[in-house]
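Written out below as structure tokens is the structure these notes cover.
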Amino acid sequence: MTTPSTDFATVGTDYAAYSEGGRGLLRHEIVARRLVAELGDGPARVLDVGCGDGEMVLRLAAAGHHVTGAEVSSDMLERAEEKLAAAALADRVRLVEADIYELPFAGEVFDAVCCHGVVMYLPDSAEPVARLARLVAPGGILSILTKNALAVGVREALQGEYDSAVAQIESGRTASMGNLGYVTRGDTPEHLDRLARDNGLTPLPWQGVRTFHDHLPKNWRPEQEVFAKALTVEWAASTRSPYRELGRLVHTVARREANA
């Protein structure tokens with residue numbers, strides 16, 4: 001099956017600006033911190049599906065892991081190659097142009113399979129999660145970051161877009177406009193954990209990502225000290241209810257038993 005993918009090449013500049021701004025950095029730092037903790041000392045074999053311009057690839061390679069990045073956009077892969085070359089990390093990374101529905105890794109398994117900020121643009125989560133889970137090695141983890149269906153309408157309400165917020169809250173619909181000008185849909189953590197179980201994985205505690213700073217302008221670029229404090233409070237909230245339920249994004253992690 002081949003499903004058309006969102007062409008992020010057309011929004012590459014906007015994505016780079018988001019990724020390097022305060023909101024994007026909060027997302028990357030929180031998710032990377034969790035992954036590095038789960039992977040341990042390594043080096044681990046990591047697959048990042050929908051790696052974009054390489055932000056997570058860069059962080060995981062810098063932590064000493066061997067990373068394969070798969071991305072459907074050739075333009076985004078070029079950006080990733082430039083970043084890796086500048087950081088002198090290219091020797092730890094393999095980049096592959098591939099769609100999530102046609103991944104060229106038959107016979108391979110990985111200690112971590114990551115898919116961050118991708119599933120929200122796809123028609124559903126069940127098939128992508130099943131495809132990704134098959135690539136998780138015994139003892140390995142599956143990391144999914146997507147839009148949080150529990151927090152629909154929160155960003156819009158805090159930004160003063162009241163009609164949109166009310167419509168989402170009252171209807172429970174999860175589809176809304178994302179950062180990059182594309183409609184995104186959400187999943188609940190419970191649904192993602194159920195999909196993990198259906199595919200032979202054991203869910204670990206999930207995180208809510210960007211509870212307190214999601215409504216800020218796209219060009220929010222705080223000073224280093226302010227960002228450090230923002231990260232501290234977001235990290236604390238990410239694993240605690242009721243704060244995590246209000247995060248714009250949900251990060252679920254599931255592990256395959258070592259003897260599977």
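Quick note on naming: the chains in the structure tokens go A, B, ... in the order shown, residues restart at 1 in each chain, and ligands are numbered from 1 in order of appearance.
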
> Quick one: residues within 7 Å of stretch 55-59 of chain A, only C-alpha atoms counted, chain neighbours fewer than 4 positions away excluded, as a PyMOL selection string?
Replying inline: chain A and resi 28+32+48+51+63+67+69+84

Just-selected residues, C-alpha atoms written as a CSV table (one decimal), in the first residue's frame:
```csv
chain,number,residue,atom,x,y,z
A,28,HIS,CA,13.1,18.0,20.6
A,32,ALA,CA,15.4,13.2,23.2
A,48,ASP,CA,14.0,7.5,12.9
A,51,CYS,CA,13.3,12.2,10.3
A,63,ALA,CA,24.6,10.6,22.3
A,67,VAL,CA,21.1,6.1,13.6
A,69,GLY,CA,17.0,8.3,9.2
A,84,LEU,CA,25.3,16.1,10.1
```

>> I need the residue nearest A:Val72 from this list: A:Asp111, A:Ile100, A:Ser19, A:Asp91. Use only C-alpha atoms for the distance.
In response: A:Ile100

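Minimum atom-to-atom distance to A:Met120, evaluated using only C-alpha atoms, belongs to A:Val250 out of A:Ala37, A:Val250, A:Ile169, A:Ala157.
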
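Excluding stretch 121-132 of chain A and any residue on its chain fewer than 4 positions from it, the residues at most 9 Å away by only C-alpha atoms are Thr3, Pro4, Ser5, Thr6, Val49, Ile100, Tyr101, Leu103, Val113, Cys114, Cys115, Gly117, Val136, Leu142, Ile144, Thr146, Tyr182, Val183, Thr184, Arg185, Asp187, Leu192, Leu195, Ala196, Asp198 and Asn199 of chain A.
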
Writer output for current selection, C-alpha atoms, as a PDB file, in the first residue's frame:
```pdb
ATOM      1  CA  THR A   3      -0.415   6.467   0.779  1.00  0.00           C
ATOM      2  CA  PRO A   4       0.412   9.995  -0.362  1.00  0.00           C
ATOM      3  CA  SER A   5       2.579  11.719   2.215  1.00  0.00           C
ATOM      4  CA  THR A   6       2.568  15.364   3.147  1.00  0.00           C
ATOM      5  CA  VAL A  49      11.084   7.314  10.372  1.00  0.00           C
ATOM      6  CA  ILE A 100       6.612   5.079   5.938  1.00  0.00           C
ATOM      7  CA  TYR A 101       4.424   2.636   4.009  1.00  0.00           C
ATOM      8  CA  LEU A 103      10.318   1.115   4.282  1.00  0.00           C
ATOM      9  CA  VAL A 113      12.163   2.767  16.198  1.00  0.00           C
ATOM     10  CA  CYS A 114      11.078   6.412  16.333  1.00  0.00           C
ATOM     11  CA  CYS A 115       8.302   8.152  14.453  1.00  0.00           C
ATOM     12  CA  GLY A 117       5.438  14.272  14.147  1.00  0.00           C
ATOM     13  CA  VAL A 136      11.576  -3.322  16.887  1.00  0.00           C
ATOM     14  CA  LEU A 142       8.909   2.027  19.791  1.00  0.00           C
ATOM     15  CA  ILE A 144       5.627   7.633  18.762  1.00  0.00           C
ATOM     16  CA  THR A 146       1.883  12.768  17.622  1.00  0.00           C
ATOM     17  CA  TYR A 182      -1.571  21.298   7.155  1.00  0.00           C
ATOM     18  CA  VAL A 183      -4.564  19.760   8.904  1.00  0.00           C
ATOM     19  CA  THR A 184      -3.521  17.321  11.612  1.00  0.00           C
ATOM     20  CA  ARG A 185      -5.510  14.719  13.531  1.00  0.00           C
ATOM     21  CA  ASP A 187      -4.705  10.223  18.993  1.00  0.00           C
ATOM     22  CA  LEU A 192      -1.608   4.384  20.994  1.00  0.00           C
ATOM     23  CA  LEU A 195      -1.994  -0.385  19.310  1.00  0.00           C
ATOM     24  CA  ALA A 196       1.372  -1.145  20.901  1.00  0.00           C
ATOM     25  CA  ASP A 198      -1.850  -5.340  19.693  1.00  0.00           C
ATOM     26  CA  ASN A 199       1.591  -5.535  18.108  1.00  0.00           C
TER      27      ASN A 199
END
```

>> Can you tell me, as an MDAnalysis selection string, which residues in stretch 116-179 of chain A count as alpha helix (DSSP H) by DSSP?
In response: chainID A and resid 126:133 154:158 162:171

Go through stretch 161-208 of chain A residue by residue and, counting only C-alpha atoms, keep those with an atom at most 12 Å from stretch 223-246 of chain A; for each kept residue give the shortest atom pair and its distance in Å to one decimal, ordered by chain and increasing number, as CSV.
```
residue,atom,partner,partner_atom,distance
A:Asp187,CA,A:Glu245,CA,11.8
A:Thr188,CA,A:Glu245,CA,9.2
A:Pro189,CA,A:Glu245,CA,9.0
A:Glu190,CA,A:Glu245,CA,11.3
A:Leu204,CA,A:Thr239,CA,11.2
A:Pro205,CA,A:Thr239,CA,7.6
A:Trp206,CA,A:Thr239,CA,6.9
A:Gln207,CA,A:Ser238,CA,4.9
A:Gly208,CA,A:Arg244,CA,4.1
```

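Reported to one decimal place, the separation of atom CA of A:Ser171 from atom CA of A:His116 is 26.3 Å.
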
> When DSSP works through the backbone of this structure, what residues of stretch 13-140 of chain A end up as strand (DSSP E), shown as number ranges by chain?
Replying inline: A: 45-49, 66-71, 93-97, 110-116, 136-140

> Quick one: distance from atom CA of A:Val119 to atom CA of A:Gly247 in Å, one decimal?
Replying inline: 16.6 Å

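The closest residue to A:His65, picked from A:Tyr18, A:Arg79, A:Ile30, A:Phe110 and counting only C-alpha atoms, is A:Phe110.
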
> Which polymer residues have any atom within 8 Å of an atom of A:Glu78, counting only C-alpha atoms, with same-chain residues fewer than 4 positions away left out, as a list in words?
Replying inline: Asp53, Ser74 and Glu82 of chain A

Written selection (C-alpha atoms) as a compact mmCIF listing (two decimals), in the first residue's frame:
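Listed below is the output, out.txt:
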```txt
# COMPACT_ATOMS: atom_id res chain seq x y z
CA ASP A 53 15.84 17.69 8.56
CA SER A 74 14.69 14.51 -0.73
CA GLU A 82 24.18 19.41 5.86
```
